[in-house]
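Enquirer: This is the structure, below, for whatever I ask next.
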Amino acid sequence: MRVKTVQINWHDKQPIFSVDFDHNYDNAQHGGWRFATGGGDNNVRMWRLRSPAEREADPNVPAVEFLASLNRHTAPVNVVRFSPCSSRLASAGDDGVIIIWRQVDDAHNQAGRTDQLDDVAGDVETWRPAAMLRGSLADICDLAWSPDGAFVVSASVDNTARIWDARDARCVQVLADHSHYVQGVAWDPRGEFIATQGSDRSLRVYRWVAGAAREVRTGVDVAKLAASHYSMPTSEGRRQRLFHDDNLVSFFRRPSVSPDGRLLATAAGVQRAANGRNVCYVWARDQLRSEPVLRLGGLAKPVVATRWAPCEFEARGETCGDAWVASAPRMMLAVASQSAVSVYDTEVAGRAVGVMDGLHYAAITDLAWTSDGSHLLIVSIDGFASVASLDHSARALPLRRAAPLPETQPSAQPEPIVAIPAQSVPNKSGSRKRLAPTLLSTL
């Protein structure tokens, strides 16, 4: 794995709060990977990460190419997320409005519009709002799309998560079970549950009850609360809380679900342990009402975001007795604390395969994978982004396109999952020294 901080003017030196790759981008035609960022300058910006072949052909060309600036928000943009089924982009922020963007060709743009308010000199692409979802009463911290691209769930500091129909721009349900800010949401790729995290120290899981219905009637609930998690028992017979409370200084607590839907990774975990109190808890799909099955610990600072690579990877070839899930595909998980990013391989239990520390001088806010899992992009409040490239030995399998799946019931005999002990990461107090991570060099 190789990593480098890209020194370009991302958002006029303002914080970058979110990043996401377009997994439906035509790599064969355009080369590289398209991604979006949202920043403190109230703008959404489109970029293209050049392919390794392009970068090797001309080392003097920047690794990232600017494509477009989307300028309709009136306050900082906290989250950007591409639809799993198309290149539509959803963005939201402190103005409480969700904007669904779509790309238009130049001929359609010139014929259909006379104003050029959104156009910026140097734009390579043209994007226009396709819909604006209004109704949130406060800042929006996070978003997630349904696997069929028909719905969006938002997390807001008005203590609610809202489910929106992206096709006719209306809110279909308000989830008001949290007692404090909702700072993260994730939608199961199988379309069966939604997870929310809030600063009330809780994780809540909702079951999607609307099934594959394309039409949702007003006033009919589409999701019902299935589980809530605040604490778990300890070996001493006491109960310990699972997550940091509202004293945690962070805008975000971003959970994520593995591409096969088996594992839910969460942010802001806390534990009582000698080697560190910050942890990422992971729940199994068949045990969402039970305690977490994995604990990724040893982190110097609280976890703010988790992100699974959207694809599965080719097995290493040898028998892996320490795999997380028996008979499961090989997957990669990136866990971002406020100061570092750890990458985990589900075929390797007990430790991270890579740790990137000291990349940024301010807190990390979000991360995103390319469609083939070859690159990981990390963004920060310091206004910069870092690109990590995976080693060639981790070859990705073809990406499975998102599609609505038939609803299934949890198995009565869940597959065995290996409990991962807390990982101890060296940390010198007061030191800004970069750790020498496994398989890391320069990009």
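Convention: chains lettered A, B, ... in structure tokens order; per-chain residue numbering from 1; ligands numbered from 1 as shown.
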So that I can see what lies close to Ser83 in chain A, please list as a PyMOL selection string the residues with an atom at most 8 Å from it, counting only C-alpha atoms and leaving out residues fewer than 5 positions away in the same chain.
Expert: chain A and resi 22+88-90+145+149
Enquirer: What's around range 238-244 of chain A at 10 Å? Count only C-alpha atoms, leave out sequence neighbours fewer than 2 positions away in its own chain, and write the answer as an NGL selection string.
Expert: :A and (197-203 or 229-236 or 246-249 or 253 or 266-272 or 277-281 or 291-292 or 302-303)
Enquirer: Would you list the contacts of Phe35 in chain A as a PyMOL selection string, taking every protein, DNA or RNA residue within 6 Å and counting only C-alpha atoms, but skipping same-chain residues closer than 3 positions in sequence?
Expert: chain A and resi 20-22+46-47
Enquirer: Go ahead and dump the residues you just picked, N, CA, C and O atoms, as a compact mmCIF listing (two decimals), in the first residue's frame.
Expert:
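Output file again-v1.txt is given in full below:
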# COMPACT_ATOMS: atom_id res chain seq x y z
N ASP A 20 -16.85 10.88 -1.76
CA ASP A 20 -17.45 9.63 -2.23
C ASP A 20 -17.10 9.42 -3.70
O ASP A 20 -17.04 10.38 -4.48
N PHE A 21 -16.85 8.15 -4.06
CA PHE A 21 -16.56 7.79 -5.45
C PHE A 21 -17.83 7.38 -6.16
O PHE A 21 -18.75 6.80 -5.57
N ASP A 22 -17.86 7.68 -7.46
CA ASP A 22 -18.96 7.28 -8.34
C ASP A 22 -18.65 5.89 -8.88
O ASP A 22 -17.82 5.73 -9.78
N MET A 46 -16.46 18.16 -8.12
CA MET A 46 -16.22 16.89 -8.80
C MET A 46 -14.76 16.83 -9.24
O MET A 46 -14.20 17.82 -9.72
N TRP A 47 -14.19 15.63 -9.09
CA TRP A 47 -12.79 15.42 -9.43
C TRP A 47 -12.64 14.07 -10.14
O TRP A 47 -13.53 13.22 -10.07
Enquirer: Between CA of Asp322 in chain A and CA of Ser339 in chain A, measure the distance and give it in Å to one decimal.
Expert: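 We find that CA of Asp322 in chain A and CA of Ser339 in chain A lie 28.0 Å from each other.
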Enquirer: May I have the residues within 7 Å of range 133-142 of chain A as a JSON list (two decimals) with N, CA, C and O atoms, in the first residue's frame, using only C-alpha atoms and disregarding those fewer than 3 positions away in the same chain?
Expert:
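Below is the file that was written, result-v2.json:
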[["chain", "number", "residue", "atom", "x", "y", "z"],
["A", 78, "ASN", "N", -21.81, 18.90, 4.38],
["A", 78, "ASN", "CA", -21.30, 17.89, 5.31],
["A", 78, "ASN", "C", -21.19, 16.49, 4.72],
["A", 78, "ASN", "O", -20.46, 15.66, 5.26],
["A", 79, "VAL", "N", -21.94, 16.22, 3.66],
["A", 79, "VAL", "CA", -21.94, 14.86, 3.13],
["A", 79, "VAL", "C", -22.27, 14.86, 1.64],
["A", 79, "VAL", "O", -23.11, 15.63, 1.17],
["A", 92, "ALA", "N", -25.75, 17.26, 1.11],
["A", 92, "ALA", "CA", -26.50, 17.94, 2.17],
["A", 92, "ALA", "C", -25.53, 18.56, 3.14],
["A", 92, "ALA", "O", -24.35, 18.19, 3.20],
["A", 93, "GLY", "N", -26.04, 19.52, 3.93],
["A", 93, "GLY", "CA", -25.16, 20.19, 4.88],
["A", 93, "GLY", "C", -25.91, 21.03, 5.89],
["A", 93, "GLY", "O", -27.05, 20.72, 6.26],
["A", 94, "ASP", "N", -25.28, 22.11, 6.30],
["A", 94, "ASP", "CA", -25.83, 22.94, 7.37],
["A", 94, "ASP", "C", -27.06, 23.72, 6.96],
["A", 94, "ASP", "O", -27.76, 24.26, 7.83],
["A", 95, "ASP", "N", -27.36, 23.81, 5.67],
["A", 95, "ASP", "CA", -28.58, 24.50, 5.25],
["A", 95, "ASP", "C", -29.81, 23.60, 5.34],
["A", 95, "ASP", "O", -30.94, 24.04, 5.08],
["A", 96, "GLY", "N", -29.64, 22.32, 5.70],
["A", 96, "GLY", "CA", -30.76, 21.41, 5.91],
["A", 96, "GLY", "C", -31.45, 20.95, 4.64],
["A", 96, "GLY", "O", -32.52, 20.35, 4.71],
["A", 97, "VAL", "N", -30.85, 21.18, 3.48],
["A", 97, "VAL", "CA", -31.45, 20.81, 2.20],
["A", 97, "VAL", "C", -30.63, 19.69, 1.57],
["A", 97, "VAL", "O", -29.40, 19.74, 1.55],
["A", 98, "ILE", "N", -31.32, 18.68, 1.05],
["A", 98, "ILE", "CA", -30.66, 17.62, 0.28],
["A", 98, "ILE", "C", -30.86, 17.92, -1.20],
["A", 98, "ILE", "O", -31.99, 18.11, -1.65],
["A", 99, "ILE", "N", -29.77, 17.98, -1.94],
["A", 99, "ILE", "CA", -29.85, 18.23, -3.38],
["A", 99, "ILE", "C", -29.43, 16.97, -4.11],
["A", 99, "ILE", "O", -28.39, 16.40, -3.83],
["A", 154, "SER", "N", -31.43, 10.38, 5.81],
["A", 154, "SER", "CA", -30.56, 11.46, 6.26],
["A", 154, "SER", "C", -30.47, 11.48, 7.78],
["A", 154, "SER", "O", -31.41, 11.08, 8.48],
["A", 155, "ALA", "N", -29.33, 11.95, 8.30],
["A", 155, "ALA", "CA", -29.11, 12.09, 9.74],
["A", 155, "ALA", "C", -28.98, 13.57, 10.05],
["A", 155, "ALA", "O", -28.23, 14.29, 9.38],
["A", 156, "SER", "N", -29.69, 14.04, 11.08],
["A", 156, "SER", "CA", -29.75, 15.47, 11.34],
["A", 156, "SER", "C", -29.52, 15.77, 12.82],
["A", 156, "SER", "O", -29.76, 14.92, 13.69],
["A", 157, "VAL", "N", -29.10, 17.01, 13.10],
["A", 157, "VAL", "CA", -28.91, 17.43, 14.48],
["A", 157, "VAL", "C", -30.23, 17.85, 15.14],
["A", 157, "VAL", "O", -30.23, 18.33, 16.27],
["A", 158, "ASP", "N", -31.36, 17.65, 14.46],
["A", 158, "ASP", "CA", -32.66, 17.83, 15.12],
["A", 158, "ASP", "C", -33.10, 16.53, 15.80],
["A", 158, "ASP", "O", -34.28, 16.37, 16.14],
["A", 169, "ALA", "N", -39.31, 13.57, -4.37],
["A", 169, "ALA", "CA", -38.81, 14.60, -3.45],
["A", 169, "ALA", "C", -39.72, 14.84, -2.25],
["A", 169, "ALA", "O", -40.10, 15.96, -1.95],
["A", 170, "ARG", "N", -40.06, 13.76, -1.52],
["A", 170, "ARG", "CA", -40.87, 13.92, -0.32],
["A", 170, "ARG", "C", -40.36, 13.02, 0.79],
["A", 170, "ARG", "O", -39.76, 11.97, 0.54],
["A", 183, "GLN", "N", -25.74, 11.42, 13.86],
["A", 183, "GLN", "CA", -24.53, 11.83, 13.15],
["A", 183, "GLN", "C", -24.05, 10.84, 12.10],
["A", 183, "GLN", "O", -23.03, 11.08, 11.46],
["A", 184, "GLY", "N", -24.77, 9.74, 11.92],
["A", 184, "GLY", "CA", -24.35, 8.78, 10.91],
["A", 184, "GLY", "C", -25.47, 7.82, 10.56],
["A", 184, "GLY", "O", -26.28, 7.46, 11.42],
["A", 185, "VAL", "N", -25.52, 7.41, 9.28],
["A", 185, "VAL", "CA", -26.52, 6.45, 8.82],
["A", 185, "VAL", "C", -25.87, 5.50, 7.82],
["A", 185, "VAL", "O", -24.90, 5.85, 7.14],
["A", 252, "PHE", "N", -19.22, 13.81, 13.10],
["A", 252, "PHE", "CA", -19.71, 12.61, 12.44],
["A", 252, "PHE", "C", -19.43, 11.34, 13.24],
["A", 252, "PHE", "O", -18.43, 11.23, 13.95]]
Enquirer: Near Gly261 in chain A, counting only C-alpha atoms, which residues have an atom at most 9 Å away, once you skip same-chain residues fewer than 6 positions from it, shown as an mmCIF file with all heavy atoms, in the first residue's frame?
Expert:
data_model
loop_
_atom_site.group_PDB
_atom_site.id
_atom_site.type_symbol
_atom_site.label_atom_id
_atom_site.label_comp_id
_atom_site.auth_asym_id
_atom_site.auth_seq_id
_atom_site.Cartn_x
_atom_site.Cartn_y
_atom_site.Cartn_z
ATOM 1 N N ASP A 188 -28.334 -1.070 4.491
ATOM 2 C CA ASP A 188 -27.939 -2.427 4.154
ATOM 3 C C ASP A 188 -27.995 -2.643 2.640
ATOM 4 O O ASP A 188 -29.004 -2.341 2.006
ATOM 5 C CB ASP A 188 -28.892 -3.386 4.879
ATOM 6 C CG ASP A 188 -28.813 -4.805 4.366
ATOM 7 O OD1 ASP A 188 -27.718 -5.232 3.972
ATOM 8 O OD2 ASP A 188 -29.858 -5.489 4.376
ATOM 9 N N PRO A 189 -26.911 -3.171 2.010
ATOM 10 C CA PRO A 189 -26.951 -3.397 0.555
ATOM 11 C C PRO A 189 -27.986 -4.421 0.120
ATOM 12 O O PRO A 189 -28.333 -4.475 -1.062
ATOM 13 C CB PRO A 189 -25.525 -3.873 0.234
ATOM 14 C CG PRO A 189 -24.966 -4.343 1.531
ATOM 15 C CD PRO A 189 -25.606 -3.501 2.585
ATOM 16 N N ARG A 190 -28.508 -5.226 1.047
ATOM 17 C CA ARG A 190 -29.600 -6.139 0.702
ATOM 18 C C ARG A 190 -30.966 -5.476 0.860
ATOM 19 O O ARG A 190 -32.000 -6.086 0.574
ATOM 20 C CB ARG A 190 -29.541 -7.381 1.590
ATOM 21 C CG ARG A 190 -28.280 -8.204 1.431
ATOM 22 C CD ARG A 190 -28.374 -9.498 2.217
ATOM 23 N NE ARG A 190 -27.118 -10.227 2.235
ATOM 24 C CZ ARG A 190 -26.954 -11.398 2.832
ATOM 25 N NH1 ARG A 190 -27.979 -11.966 3.467
ATOM 26 N NH2 ARG A 190 -25.781 -11.996 2.809
ATOM 27 N N ALA A 284 -22.799 -8.657 13.605
ATOM 28 C CA ALA A 284 -23.127 -9.620 12.553
ATOM 29 C C ALA A 284 -24.577 -9.441 12.136
ATOM 30 O O ALA A 284 -25.443 -9.131 12.967
ATOM 31 C CB ALA A 284 -22.900 -11.047 13.045
ATOM 32 N N ARG A 285 -24.846 -9.652 10.883
ATOM 33 C CA ARG A 285 -26.197 -9.466 10.356
ATOM 34 C C ARG A 285 -27.226 -10.320 11.095
ATOM 35 O O ARG A 285 -28.321 -9.851 11.402
ATOM 36 C CB ARG A 285 -26.205 -9.816 8.866
ATOM 37 C CG ARG A 285 -27.566 -9.701 8.219
ATOM 38 C CD ARG A 285 -27.558 -10.176 6.793
ATOM 39 N NE ARG A 285 -28.761 -9.703 6.133
ATOM 40 C CZ ARG A 285 -28.901 -8.502 5.590
ATOM 41 N NH1 ARG A 285 -27.898 -7.648 5.631
ATOM 42 N NH2 ARG A 285 -30.022 -8.138 5.020
#
Enquirer: Would you mind writing down, as a VMD selection string, each residue of range 107-292 of chain A that DSSP on the backbone assigns to strand (DSSP E or B)?
Expert: chain A and resid 126 to 133 140 to 145 151 to 156 161 to 165 170 to 175 182 to 187 193 to 198 202 to 208 223 to 229 231 to 233 239 to 241 243 254 256 to 257 263 to 265 269 to 270 278 to 284
Enquirer: Give me the residues within 6 Å of range 63-75 of chain A as a list of chain:residue names, counting only C-alpha atoms and dropping any in the same chain fewer than 2 places off.
Expert: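 My reading of the contact set: A:Asn42, A:Asn43, A:Val44, A:Arg45, A:Met46, A:Trp47, A:Arg48, A:Leu49, A:Arg50, A:Asp94, A:Asp95, A:Asp118, A:Asp123, A:Val124, A:Glu125.
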Enquirer: Print the selection's residues with C-alpha atoms to a file, as a PDB file, in the first residue's frame.
Expert:
ATOM      1  CA  ASN A  42     -20.559  25.673   0.681  1.00  0.00           C
ATOM      2  CA  ASN A  43     -19.622  23.870  -2.538  1.00  0.00           C
ATOM      3  CA  VAL A  44     -19.646  20.355  -3.931  1.00  0.00           C
ATOM      4  CA  ARG A  45     -16.755  19.663  -6.275  1.00  0.00           C
ATOM      5  CA  MET A  46     -16.222  16.893  -8.805  1.00  0.00           C
ATOM      6  CA  TRP A  47     -12.795  15.421  -9.433  1.00  0.00           C
ATOM      7  CA  ARG A  48     -11.144  12.594 -11.338  1.00  0.00           C
ATOM      8  CA  LEU A  49      -8.402  10.478  -9.804  1.00  0.00           C
ATOM      9  CA  ARG A  50      -6.110   9.572 -12.655  1.00  0.00           C
ATOM     10  CA  ASP A  94     -25.827  22.940   7.370  1.00  0.00           C
ATOM     11  CA  ASP A  95     -28.585  24.501   5.248  1.00  0.00           C
ATOM     12  CA  ASP A 118     -23.931  27.204 -11.689  1.00  0.00           C
ATOM     13  CA  ASP A 123     -15.545  23.152 -15.492  1.00  0.00           C
ATOM     14  CA  VAL A 124     -15.091  20.015 -17.584  1.00  0.00           C
ATOM     15  CA  GLU A 125     -18.535  18.608 -16.719  1.00  0.00           C
TER      16      GLU A 125
END
Enquirer: Need the shell around Pro84 in chain A: protein/DNA/RNA residues with any atom at most 7 Å away, counting only C-alpha atoms. Skip same-chain ones fewer than 2 positions apart. Format as number ranges by chain?
Expert: A: 23, 82, 86, 147, 149, 402
Enquirer: Would you save the residues of that selection, restricted to C-alpha atoms, as a PDB file, in the first residue's frame?
Expert:
ATOM      1  CA  HIS A  23     -19.028   3.490  -8.742  1.00  0.00           C
ATOM      2  CA  PHE A  82     -23.457   8.775  -5.103  1.00  0.00           C
ATOM      3  CA  SER A  86     -26.539   5.551 -11.225  1.00  0.00           C
ATOM      4  CA  PRO A 147     -29.645  -0.183  -2.799  1.00  0.00           C
ATOM      5  CA  GLY A 149     -31.501   4.192  -5.602  1.00  0.00           C
ATOM      6  CA  ALA A 402     -26.542  -2.969  -6.509  1.00  0.00           C
TER       7      ALA A 402
END
Enquirer: So how far away is CA of Leu299 in chain A from CA of Val153 in chain A, in Å?
Expert: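 Taking CA of Val153 in chain A as the start and CA of Leu299 in chain A as the end point, the length is 29.1 Å.
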Enquirer: Calculated over only C-alpha atoms, which of the candidates A:Thr160, A:Asn9, A:Ser371, A:Ser146 has the smallest distance to Arg34 in chain A?
Expert: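 The closest residue to Arg34 in chain A is A:Ser371.
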Enquirer: Using only C-alpha atoms, find the one residue out of A:Tyr361, A:Trp283, A:Trp308, A:Trp324 that sits nearest to Ser342 in chain A.
Expert: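 Looking only at the distances to Ser342 in chain A, the closest residue turns out to be A:Trp308.
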Enquirer: May I ask which of the residues A:Gln287, A:Thr126, A:Asn27, A:Ser87 is the closest one to Thr370 in chain A, counting only C-alpha atoms?
Expert: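 Result for the nearest residue to Thr370 in chain A: A:Asn27.
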Enquirer: For Ala210 in chain A, which residue out of A:Gly31, A:Phe151, A:Glu314, A:Pro255 is the nearest one, using only C-alpha atoms?
Expert: A:Phe151
Enquirer: Mind giving me the straight-line distance from CA of Val341 in chain A to CA of Ile8 in chain A in Å, one decimal?
Expert: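 Going from CA of Val341 in chain A over to CA of Ile8 in chain A, I get 21.1 Å.
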Enquirer: Taking only C-alpha atoms into account, which of A:Met332, A:Gly191, A:Leu367, A:Glu54 comes nearest Gly211 in chain A?
Expert: A:Gly191
